[in-house]
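Coordinates from structure_9.pdb are shown below (PDB, C-alpha atoms).
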ATOM      1  CA  MET A 988       8.792   3.469  -3.970
ATOM      2  CA  VAL A 989       9.668  -0.030  -2.765
ATOM      3  CA  ALA A 990       6.036  -0.621  -1.791
ATOM      4  CA  LEU A 991       5.022  -0.281  -5.462
ATOM      5  CA  ASP A 992       6.034  -3.932  -5.668
ATOM      6  CA  GLY A 993       2.958  -4.677  -3.586
ATOM      7  CA  ASP A 994       4.560  -7.228  -1.273
ATOM      8  CA  GLY A 995       4.755  -6.182   2.382
ATOM      9  CA  THR A 996       7.381  -8.614   3.617
ATOM     10  CA  THR A 997       9.753  -7.809   0.751
ATOM     11  CA  SER A 998       9.272  -4.069   1.239
ATOM     12  CA  TYR A 999      10.048  -4.231   4.947
ATOM     13  CA  MET A1000      13.132  -6.383   4.410
ATOM     14  CA  ILE A1001      14.552  -4.046   1.763
ATOM     15  CA  ILE A1002      13.865  -0.877   3.769
ATOM     16  CA  CYS A1003      15.252  -2.268   7.021
ATOM     17  CA  SER A1004      18.310  -3.736   5.313
ATOM     18  CA  ALA A1005      19.132  -0.318   3.869
ATOM     19  CA  PHE A1006      18.240   2.011   6.739
ATOM     20  CA  LEU A1007      18.071   0.111  10.031
ATOM     21  CA  PRO A1008      21.889  -0.045  10.444
ATOM     22  CA  ILE A1009      21.997   3.745  10.019
ATOM     23  CA  TYR A1010      19.211   4.209  12.573
ATOM     24  CA  ARG A1011      21.084   2.055  15.065
ATOM     25  CA  ARG A1012      24.438   3.708  14.390
ATOM     26  CA  LEU A1013      22.974   7.164  15.013
ATOM     27  CA  GLY A1014      20.820   6.064  17.944
ATOM     28  CA  ILE A1015      17.443   6.760  16.305
ATOM     29  CA  ASN A1016      14.453   4.921  17.752
ATOM     30  CA  PRO A1017      13.754   1.932  15.425
ATOM     31  CA  LEU A1018      10.024   2.418  15.996
ATOM     32  CA  VAL A1019      10.334   5.467  13.731
ATOM     33  CA  ILE A1020      11.391   3.428  10.714
ATOM     34  CA  ALA A1021       8.631   0.901  11.456
ATOM     35  CA  THR A1022       5.969   3.625  11.652
ATOM     36  CA  ILE A1023       7.052   5.273   8.406
ATOM     37  CA  ALA A1024       7.357   1.941   6.591
ATOM     38  CA  THR A1025       3.902   0.722   7.617
ATOM     39  CA  MET A1026       2.264   3.999   6.586
ATOM     40  CA  ALA A1027       3.998   3.952   3.211
ATOM     41  CA  LEU A1028       3.132   0.317   2.584
ATOM     42  CA  GLY A1029      -0.485   0.779   3.672
ATOM     43  CA  THR A1030      -0.890   3.720   1.304
ATOM     44  CA  ILE A1031       0.923   2.479  -1.792
ATOM     45  CA  SER A1032       0.485  -1.298  -1.683
ATOM     46  CA  GLY A1033      -3.010  -0.907  -0.223
ATOM     47  CA  THR A1034      -4.130   1.409  -3.037
ATOM     48  CA  THR A1035      -2.495   0.068  -6.193
ATOM     49  CA  PRO A1036      -4.652  -2.482  -8.052
ATOM     50  CA  TRP A1037      -1.836  -5.037  -8.098
ATOM     51  CA  GLY A1038      -1.549  -4.893  -4.302
ATOM     52  CA  GLY A1039      -3.382  -7.570  -2.368
ATOM     53  CA  ALA A1040      -5.976  -5.326  -0.723
ATOM     54  CA  ALA A1041      -7.237  -3.477  -3.787
ATOM     55  CA  THR A1042      -7.140  -6.689  -5.819
ATOM     56  CA  ARG A1043      -9.667  -8.162  -3.410
ATOM     57  CA  GLY A1044     -11.975  -5.161  -3.705
ATOM     58  CA  ILE A1045     -11.738  -5.026  -7.493
ATOM     59  CA  SER A1046     -12.326  -8.757  -7.834
ATOM     60  CA  VAL A1047     -15.172  -9.138  -5.397
ATOM     61  CA  LEU A1048     -17.065  -6.151  -6.853
ATOM     62  CA  HIS A1049     -16.236  -7.003 -10.493
ATOM     63  CA  LEU A1050     -14.657  -3.644 -11.290
ATOM     64  CA  ASP A1051     -12.374  -2.257 -13.975
ATOM     65  CA  SER A1052      -8.866  -1.776 -12.543
ATOM     66  CA  THR A1053      -8.171   1.408 -14.468
ATOM     67  CA  ASP A1054     -11.453   3.031 -13.465
ATOM     68  CA  TYR A1055     -10.677   2.258  -9.837
ATOM     69  CA  PHE A1056      -7.034   3.329  -9.830
ATOM     70  CA  VAL A1057      -6.908   6.511 -11.913
ATOM     71  CA  HIS A1058      -9.128   8.391  -9.458
ATOM     72  CA  MET A1059      -7.040   7.152  -6.526
ATOM     73  CA  ILE A1060      -3.708   8.445  -7.828
ATOM     74  CA  ALA A1061      -4.200  12.042  -6.660
ATOM     75  CA  PRO A1062      -5.240  11.206  -3.060
ATOM     76  CA  MET A1063      -2.531   8.535  -2.907
ATOM     77  CA  VAL A1064       0.164  11.034  -3.916
ATOM     78  CA  LEU A1065      -1.146  13.665  -1.487
ATOM     79  CA  THR A1066      -1.209  11.109   1.317
ATOM     80  CA  SER A1067       2.351  10.077   0.449
ATOM     81  CA  LEU A1068       3.426  13.712   0.813
ATOM     82  CA  THR A1069       1.652  13.764   4.183
ATOM     83  CA  ILE A1070       3.629  10.692   5.247
ATOM     84  CA  ILE A1071       6.869  12.375   4.180
ATOM     85  CA  THR A1072       5.880  15.382   6.316
ATOM     86  CA  ILE A1073       5.188  13.096   9.286
ATOM     87  CA  ALA A1074       8.574  11.447   8.699
ATOM     88  CA  TRP A1075      10.219  14.885   8.826
ATOM     89  CA  MET A1076       8.401  15.650  12.094
ATOM     90  CA  LEU A1077       9.497  12.342  13.596
ATOM     91  CA  GLY A1078      13.043  13.014  12.454
ATOM     92  CA  ARG A1079      13.044  16.429  14.096
ATOM     93  CA  GLY A1080      11.891  14.809  17.306
ATOM     94  CA  GLN A1081      14.770  12.308  17.195
ATOM     95  CA  ARG A1082      17.522  14.918  16.833
ATOM     96  CA  LYS A1083      17.954  15.259  20.584
ATOM     97  CA  ARG A1084      18.804  11.527  20.737
ATOM     98  CA  ILE A1085      21.722  11.851  18.313
ATOM     99  CA  ASP A1086      25.222  12.644  19.540
ATOM    100  CA  GLN A1087      26.957  15.121  17.228
ATOM    101  CA  ALA A1088      30.254  13.322  17.756
ATOM    102  CA  VAL A1089      28.716  10.125  16.348
ATOM    103  CA  ILE A1090      27.503  12.047  13.302
ATOM    104  CA  ASN A1091      30.955  13.518  12.690
ATOM    105  CA  GLU A1092      32.600  10.115  13.016
ATOM    106  CA  PHE A1093      30.054   8.533  10.695
ATOM    107  CA  ALA A1094      30.481  11.322   8.120
ATOM    108  CA  ALA A1095      34.272  10.949   8.208
ATOM    109  CA  GLU A1096      33.971   7.216   7.489
ATOM    110  CA  ILE A1097      31.688   7.846   4.527
ATOM    111  CA  SER A1098      33.996  10.515   3.105
ATOM    112  CA  ALA A1099      36.989   8.186   3.422
ATOM    113  CA  GLN A1100      35.320   5.452   1.406
ATOM    114  CA  ASP A1101      36.332   5.062  -2.209
ATOM    115  CA  SER A1102      33.448   6.267  -4.351
ATOM    116  CA  GLY A1103      35.303   5.925  -7.663
ATOM    117  CA  GLY A1104      33.670   2.594  -8.418
ATOM    118  CA  GLU A1105      30.172   4.045  -8.419
ATOM    119  CA  GLN A1106      28.787   4.114 -11.920
ATOM    120  CA  ARG A1107      25.254   4.695 -13.015
ATOM    121  CA  ASN A1108      23.733   1.663 -14.576
ATOM    122  CA  ARG A1109      22.109   2.379 -17.915
ATOM    123  CA  ARG A1110      19.589  -0.321 -17.255
ATOM    124  CA  THR A1111      18.470   1.518 -14.122
ATOM    125  CA  TRP A1112      17.592   4.578 -16.210
ATOM    126  CA  PHE A1113      15.861   2.403 -18.791
ATOM    127  CA  ASN A1114      13.830   0.645 -16.100
ATOM    128  CA  ALA A1115      12.883   3.977 -14.531
ATOM    129  CA  GLY A1116      11.783   5.353 -17.903
ATOM    130  CA  LEU A1117       9.796   2.202 -18.674
ATOM    131  CA  THR A1118       8.045   2.429 -15.298
ATOM    132  CA  VAL A1119       7.096   6.079 -15.829
ATOM    133  CA  LEU A1120       5.839   5.303 -19.344
ATOM    134  CA  LEU A1121       3.779   2.406 -17.995
ATOM    135  CA  LEU A1122       2.138   4.623 -15.371
ATOM    136  CA  VAL A1123       1.390   7.329 -17.960
ATOM    137  CA  LEU A1124      -0.231   4.809 -20.323
ATOM    138  CA  LEU A1125      -2.163   3.385 -17.389
ATOM    139  CA  VAL A1126      -3.554   6.792 -16.446
ATOM    140  CA  LEU A1127      -4.418   7.591 -20.067
ATOM    141  CA  GLY A1128      -6.281   4.290 -20.347
ATOM    142  CA  VAL A1129      -4.554   3.320 -23.594
ATOM    143  CA  ALA A1130      -5.173  -0.367 -22.939
ATOM    144  CA  GLU A1131      -6.275  -2.737 -20.207
ATOM    145  CA  LEU A1132      -4.065  -2.780 -17.125
ATOM    146  CA  VAL A1133      -3.198  -6.450 -17.532
ATOM    147  CA  ASN A1134      -2.107  -5.939 -21.165
ATOM    148  CA  LEU A1135       0.069  -2.950 -20.290
ATOM    149  CA  PHE A1136       1.770  -4.796 -17.453
ATOM    150  CA  MET A1137       2.406  -7.910 -19.530
ATOM    151  CA  LEU A1138       3.939  -5.850 -22.353
ATOM    152  CA  ALA A1139       6.129  -3.853 -19.964
ATOM    153  CA  PHE A1140       7.219  -7.054 -18.218
ATOM    154  CA  VAL A1141       8.284  -8.662 -21.520
ATOM    155  CA  ILE A1142      10.260  -5.557 -22.548
ATOM    156  CA  ALA A1143      11.974  -5.296 -19.149
ATOM    157  CA  LEU A1144      12.757  -9.002 -19.172
ATOM    158  CA  LEU A1145      14.373  -8.874 -22.642
ATOM    159  CA  VAL A1146      16.454  -5.798 -21.847
ATOM    160  CA  ASN A1147      17.631  -6.781 -18.355
ATOM    161  CA  HIS A1148      18.008 -10.521 -18.978
ATOM    162  CA  PRO A1149      18.694 -11.183 -22.674
ATOM    163  CA  ARG A1150      19.681 -14.821 -22.082
ATOM    164  CA  LEU A1151      16.825 -17.337 -22.129
ATOM    165  CA  ALA A1152      18.117 -19.216 -19.083
ATOM    166  CA  GLU A1153      18.202 -15.992 -17.033
ATOM    167  CA  GLN A1154      14.642 -15.167 -18.098
ATOM    168  CA  GLY A1155      13.430 -18.513 -16.809
ATOM    169  CA  GLU A1156      15.100 -17.930 -13.446
ATOM    170  CA  VAL A1157      13.544 -14.467 -13.124
ATOM    171  CA  ILE A1158      10.076 -15.796 -13.908
ATOM    172  CA  LYS A1159      10.502 -18.559 -11.301
ATOM    173  CA  LYS A1160      11.721 -16.014  -8.768
ATOM    174  CA  HIS A1161       8.666 -13.772  -9.113
ATOM    175  CA  ALA A1162       6.051 -16.465  -9.699
ATOM    176  CA  GLY A1163       5.718 -16.825  -5.934
ATOM    177  CA  ASN A1164       4.199 -13.339  -5.782
ATOM    178  CA  ALA A1165       2.107 -13.608  -8.958
ATOM    179  CA  VAL A1166       0.421 -16.995  -8.519
ATOM    180  CA  PRO A1167      -1.247 -16.217  -5.135
ATOM    181  CA  VAL A1168      -2.845 -13.112  -6.665
ATOM    182  CA  VAL A1169      -4.344 -15.206  -9.470
ATOM    183  CA  MET A1170      -5.697 -17.705  -6.932
ATOM    184  CA  LEU A1171      -7.025 -14.796  -4.896
ATOM    185  CA  VAL A1172      -9.044 -13.487  -7.856
ATOM    186  CA  LEU A1173     -10.497 -16.950  -8.530
ATOM    187  CA  GLY A1174     -11.347 -17.387  -4.845
ATOM    188  CA  ALA A1175     -13.032 -13.974  -4.775
ATOM    189  CA  GLY A1176     -15.238 -14.986  -7.694
ATOM    190  CA  ILE A1177     -16.327 -18.181  -5.965
ATOM    191  CA  PHE A1178     -16.973 -16.419  -2.658
ATOM    192  CA  THR A1179     -18.960 -13.632  -4.340
ATOM    193  CA  GLY A1180     -21.051 -16.139  -6.279
ATOM    194  CA  ILE A1181     -22.003 -18.001  -3.107
ATOM    195  CA  MET A1182     -22.814 -14.803  -1.214
ATOM    196  CA  THR A1183     -24.878 -13.338  -4.068
ATOM    197  CA  ASP A1184     -26.766 -16.365  -5.362
ATOM    198  CA  THR A1185     -27.819 -17.499  -1.891
ATOM    199  CA  GLY A1186     -29.215 -14.031  -1.156
ATOM    200  CA  MET A1187     -26.956 -13.452   1.856
ATOM    201  CA  THR A1188     -25.474 -10.223   0.510
ATOM    202  CA  LYS A1189     -28.894  -8.730  -0.217
ATOM    203  CA  ALA A1190     -30.231  -9.748   3.203
ATOM    204  CA  MET A1191     -27.289  -8.174   5.018
ATOM    205  CA  ALA A1192     -27.557  -5.034   2.885
ATOM    206  CA  ASP A1193     -31.257  -4.722   3.670
ATOM    207  CA  ALA A1194     -30.494  -5.051   7.391
ATOM    208  CA  LEU A1195     -27.879  -2.328   7.133
ATOM    209  CA  LEU A1196     -30.197  -0.038   5.157
ATOM    210  CA  SER A1197     -32.882  -0.359   7.816
ATOM    211  CA  VAL A1198     -30.738   1.654  10.258
ATOM    212  CA  VAL A1199     -29.468   4.226   7.732
ATOM    213  CA  PRO A1200     -31.743   7.272   7.311
ATOM    214  CA  ASP A1201     -32.622   8.039   3.692
ATOM    215  CA  SER A1202     -31.189  11.532   4.074
ATOM    216  CA  LEU A1203     -27.743  10.057   4.841
ATOM    217  CA  GLY A1204     -27.676   7.425   2.119
ATOM    218  CA  ASN A1205     -25.349   9.515  -0.040
ATOM    219  CA  LEU A1206     -22.710   9.346   2.725
ATOM    220  CA  ILE A1207     -22.229   5.577   2.496
ATOM    221  CA  PRO A1208     -18.822   5.918   0.720
ATOM    222  CA  LEU A1209     -17.597   8.226   3.487
ATOM    223  CA  PHE A1210     -19.129   5.894   6.077
ATOM    224  CA  THR A1211     -17.257   3.002   4.451
ATOM    225  CA  ALA A1212     -13.936   4.861   4.629
ATOM    226  CA  VAL A1213     -14.439   5.805   8.273
ATOM    227  CA  ILE A1214     -15.543   2.404   9.588
ATOM    228  CA  GLY A1215     -12.876   0.824   7.406
ATOM    229  CA  LEU A1216     -10.214   2.184   9.754
ATOM    230  CA  PRO A1217     -11.153   0.121  12.847
ATOM    231  CA  LEU A1218     -12.428  -2.843  10.822
ATOM    232  CA  SER A1219      -9.213  -3.059   8.800
ATOM    233  CA  PHE A1220      -7.197  -2.839  12.009
ATOM    234  CA  PHE A1221      -8.871  -5.841  13.628
ATOM    235  CA  MET A1222      -9.922  -7.942  10.617
ATOM    236  CA  SER A1223      -7.988  -9.815   7.986
ATOM    237  CA  ASN A1224      -8.230  -8.460   4.451
ATOM    238  CA  ASP A1225     -10.080 -11.562   3.304
ATOM    239  CA  ALA A1226     -12.756 -11.119   5.959
ATOM    240  CA  TYR A1227     -13.126  -7.399   5.330
ATOM    241  CA  PHE A1228     -13.091  -7.280   1.535
ATOM    242  CA  PHE A1229     -14.982 -10.515   0.940
ATOM    243  CA  GLY A1230     -17.435 -10.259   3.815
ATOM    244  CA  VAL A1231     -18.034  -6.582   4.622
ATOM    245  CA  LEU A1232     -17.359  -4.672   1.398
ATOM    246  CA  PRO A1233     -19.944  -6.474  -0.794
ATOM    247  CA  VAL A1234     -22.633  -5.681   1.790
ATOM    248  CA  LEU A1235     -21.694  -1.990   1.792
ATOM    249  CA  ALA A1236     -21.619  -1.960  -2.016
ATOM    250  CA  GLU A1237     -25.074  -3.551  -2.185
ATOM    251  CA  SER A1238     -26.397  -0.953   0.252
ATOM    252  CA  ALA A1239     -24.788   1.895  -1.710
ATOM    253  CA  GLY A1240     -26.386   0.590  -4.904
ATOM    254  CA  HIS A1241     -29.845   1.363  -3.488
ATOM    255  CA  TYR A1242     -28.852   5.050  -3.524
ATOM    256  CA  GLY A1243     -27.339   4.957  -7.000
ATOM    257  CA  ILE A1244     -23.740   4.929  -5.737
ATOM    258  CA  ALA A1245     -21.301   3.017  -7.952
ATOM    259  CA  PRO A1246     -19.517   0.075  -6.310
ATOM    260  CA  VAL A1247     -16.160   1.460  -7.463
ATOM    261  CA  GLU A1248     -16.495   4.226  -4.860
ATOM    262  CA  ILE A1249     -16.973   1.624  -2.142
ATOM    263  CA  ALA A1250     -13.837  -0.183  -3.334
ATOM    264  CA  ARG A1251     -11.838   3.057  -3.167
ATOM    265  CA  ALA A1252     -13.201   3.892   0.275
ATOM    266  CA  GLY A1253     -12.476   0.380   1.520
ATOM    267  CA  ALA A1254      -8.823   0.560   0.463
ATOM    268  CA  ILE A1255      -8.191   3.681   2.542
ATOM    269  CA  GLY A1256      -8.134   1.685   5.772
ATOM    270  CA  GLN A1257      -5.017  -0.252   4.769
ATOM    271  CA  MET A1258      -2.702   1.976   6.794
ATOM    272  CA  MET A1259      -4.533   0.933   9.938
ATOM    273  CA  HIS A1260      -4.461  -2.681   8.772
ATOM    274  CA  SER A1261      -0.685  -2.470   8.338
ATOM    275  CA  ILE A1262      -0.243  -1.868  12.096
ATOM    276  CA  GLY A1263      -2.941  -4.338  13.189
ATOM    277  CA  PRO A1264      -2.362  -7.871  14.498
ATOM    278  CA  ALA A1265      -3.914  -9.409  11.357
ATOM    279  CA  SER A1266      -1.145  -8.027   9.124
ATOM    280  CA  ALA A1267       1.310 -10.874   8.551
ATOM    281  CA  PRO A1268       4.183  -8.708   7.188
ATOM    282  CA  LEU A1269       4.073  -6.619  10.374
ATOM    283  CA  TRP A1270       5.391  -9.544  12.404
ATOM    284  CA  VAL A1271       8.392  -9.743  10.072
ATOM    285  CA  LEU A1272       8.990  -6.023  10.580
ATOM    286  CA  LEU A1273       8.770  -6.337  14.358
ATOM    287  CA  GLY A1274      11.284  -9.152  14.213
ATOM    288  CA  LEU A1275      13.676  -6.988  12.208
ATOM    289  CA  ILE A1276      13.525  -4.059  14.648
ATOM    290  CA  LYS A1277      13.340  -6.400  17.678
ATOM    291  CA  ARG A1278      10.328  -4.738  19.313
ATOM    292  CA  ASP A1279       6.988  -6.145  20.466
ATOM    293  CA  LEU A1280       3.571  -5.330  19.027
ATOM    294  CA  GLY A1281       2.322  -3.305  22.000
ATOM    295  CA  ASP A1282       5.271  -0.904  22.032
ATOM    296  CA  PHE A1283       4.989  -0.376  18.304
ATOM    297  CA  GLN A1284       1.239   0.224  18.287
ATOM    298  CA  ARG A1285       1.423   2.733  21.147
ATOM    299  CA  PHE A1286       4.072   4.668  19.241
ATOM    300  CA  ALA A1287       2.517   4.452  15.784
ATOM    301  CA  VAL A1288      -1.261   4.534  16.157
ATOM    302  CA  GLY A1289      -1.598   8.312  16.519
ATOM    303  CA  TRP A1290       0.519   9.055  13.449
ATOM    304  CA  VAL A1291      -1.154   6.354  11.361
ATOM    305  CA  LEU A1292      -4.619   7.558  12.356
ATOM    306  CA  LEU A1293      -3.642  11.129  11.392
ATOM    307  CA  ALA A1294      -2.430  10.008   7.963
ATOM    308  CA  SER A1295      -5.532   7.843   7.458
ATOM    309  CA  VAL A1296      -7.888  10.737   8.205
ATOM    310  CA  ALA A1297      -5.854  12.879   5.794
ATOM    311  CA  TYR A1298      -6.282  10.155   3.149
ATOM    312  CA  ILE A1299     -10.061  10.230   3.590
ATOM    313  CA  ALA A1300     -10.058  14.023   3.294
ATOM    314  CA  PHE A1301      -7.940  13.919   0.125
ATOM    315  CA  ALA A1302     -10.213  11.251  -1.387
ATOM    316  CA  VAL A1303     -13.257  13.447  -0.788
ATOM    317  CA  LEU A1304     -11.565  16.624  -2.052
ATOM    318  CA  THR A1305     -10.349  14.969  -5.262
ATOM    319  CA  GLY A1306     -13.651  13.233  -5.939
ATOM    320  CA  ALA A1307     -12.349   9.685  -5.523
ATOM    321  CA  ILE A1308     -15.289   9.192  -3.162
ATOM    322  CA  SER A1309     -18.330  11.467  -3.358
ATOM    323  CA  LEU A1310     -20.680  13.011  -0.824
ATOM    324  CA  VAL A1311     -23.581  13.611  -3.183
TER
END
Rewrite the structure of this file - the entire thing - as structure tokens.
Amino acid sequence: MVALDGDGTTSYMIICSAFLPIYRRLGINPLVIATIATMALGTISGTTPWGGAATRGISVLHLDSTDYFVHMIAPMVLTSLTIITIAWMLGRGQRKRIDQAVINEFAAEISAQDSGGEQRNRRTWFNAGLTVLLLVLLVLGVAELVNLFMLAFVIALLVNHPRLAEQGEVIKKHAGNAVPVVMLVLGAGIFTGIMTDTGMTKAMADALLSVVPDSLGNLIPLFTAVIGLPLSFFMSNDAYFFGVLPVLAESAGHYGIAPVEIARAGAIGQMMHSIGPASAPLWVLLGLIKRDLGDFQRFAVGWVLLASVAYIAFAVLTGAISLV
């Protein structure tokens, strides 16, 4: 849920601030929280069109955000349920590390705390309802994604911060996340124009097609999803989405495959990217749990690969990417 914001560093900081003290108090391996957090971020932030990865794919291939995202909701939700199942399995495996006496002591402290001051905030319910309504309107395609988000933002801003001075502070606070995305879209347009008008994209696509048998041309979306796992792990998102994805989309176009399927397939590899050395937020996460990259990758790679393969399977089963 936190990853819906789309920002990896913020998501990791919020999750670790809330749960890492509990992990440490109970003696649970902190690599567990890191593994779960990276899978969740890679799935949600990597799939949603306002997340950095999908924004690159949508921009560089000149796609409609709604057309891309609506078909990805089902596999994204199914993959999220898979991640929750993996989290349950990891939790079961950690039970032997937890001393029952520590649990009893912890539970007694919680019970002794005064809970009388806890009151449900009406604004929280309003914000939750507004978010659900926004997602429903997005799926129904009532209006363009940008128009829906701007309208929802204005309503949320007026309700949560009725004073003009507060509204200005909120806009300044979140502009740091919004402005880079705008610059990213502009940069994608420039990069795509150079690659296309100079003929580089077509030349690379022709080279790729020369080694792909005609009988397997319909499998390019699946091929994109599969090779996207190792490529996303080692490459930065800029290099992958701006350099590799347009070539795959150009190749798929020769077989009548829409570029939106290539964008969906390309986003699936974001779970692997979230544990790779090119993921900047990962270094913040490793600093929070005080572990090095090698230990984390050895612990997480098997689980992340399992969830990534499940994501590909769900995308095929739901028709987000086709095999025909």
Taking the file as shown, find all residues satisfying the PyMOL selection byres ((chain A and resi 1133) around 12) and write them as a ChimeraX atom specification. /A:1036-1037,1051-1053,1121,1124-1125,1128-1132,1134-1140,1169
Who sits within 10 Å of Ser1032 of chain A, only C-alpha atoms, same chain under 5 positions skipped, as a list of chain:residue names: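 In the requested form, the answer reads A:Met988, A:Val989, A:Ala990, A:Leu991, A:Asp992, A:Gly993, A:Asp994, A:Gly995, A:Ser998, A:Met1026, A:Ala1027, A:Trp1037, A:Gly1038, A:Gly1039, A:Ala1040, A:Ala1041, A:Ala1254, A:Gln1257, A:Met1258.
Note that atom CA of Thr1042 of chain A and atom CA of Gln1154 of chain A are 26.4 Å apart.
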Evaluate the PyMOL selection byres ((chain A and resi 1202-1211) around 8) and record the selected residues as a list of chain:residue names, following the chain and residue labels used in the document.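 When the PyMOL selection byres ((chain A and resi 1202-1211) around 8) is applied to the shown file, the picked residues are A:Val1199, A:Pro1200, A:Asp1201, A:Ala1212, A:Val1213, A:Ile1214, A:Gly1215, A:Leu1235, A:Ala1239, A:Tyr1242, A:Ile1244, A:Glu1248, A:Ile1249, A:Ala1252, A:Gly1253, A:Ile1299, A:Ile1308, A:Ser1309, A:Leu1310, A:Val1311.
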Translate the PyMOL selection byres ((chain A and resi 1020-1023) around 8), as applied to the file shown, into an explicit residue set as number ranges by chain. A: 1003, 1007, 1016-1019, 1024-1027, 1070, 1074, 1272-1273, 1276, 1283, 1286-1287, 1290-1291
Name the closest residue to Thr1034 of chain A among the candidates A:Leu1145, A:Ile1060, A:Ile1090, A:Ile1009; distances are taken between atoms, counting all atoms listed in the file.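 Using all atoms listed in the file, Thr1034 of chain A sits closest to A:Ile1060.
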Distance in Å - atom CA of Val1064 of chain A versus atom CA of Thr1111 of chain A: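 Between atom CA of Val1064 of chain A and atom CA of Thr1111 of chain A the gap is 23.0 Å.
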With distances taken over only C-alpha atoms, which of A:Gly1029, A:Pro1233, A:Gly1044, A:Gly1289 is nearest to Ser1067 of chain A?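 Once distances to Ser1067 of chain A are computed over only C-alpha atoms, the minimum belongs to A:Gly1029.
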Distance atom CA of Lys1160 of chain A-atom CA of Val1141 of chain A, one decimal place? 15.1 Å
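Across A:Val1089, A:Ile1142, A:Met1222, A:Val1231, the tightest approach to Ala1267 of chain A is made by A:Met1222 when counting only C-alpha atoms.
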A:Lys1277, A:Arg1285, A:Arg1251, A:Lys1083: which is nearest Arg1043 of chain A, counting all atoms listed in the file?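 For Arg1043 of chain A, the nearest of the given residues is A:Arg1251.
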So, with only C-alpha atoms as the atoms that count, which of A:Thr1305, A:Ser1266, A:Asn1224, A:Ser1295 lies closest to Thr1066 of chain A?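 Of all the options, A:Ser1295 lies closest to Thr1066 of chain A.
Closest approach to Leu1050 of chain A among A:Ile1001, A:Met1063, A:Ala1250, A:Ala1236 is made by A:Ala1250 (distances from all atoms listed in the file).
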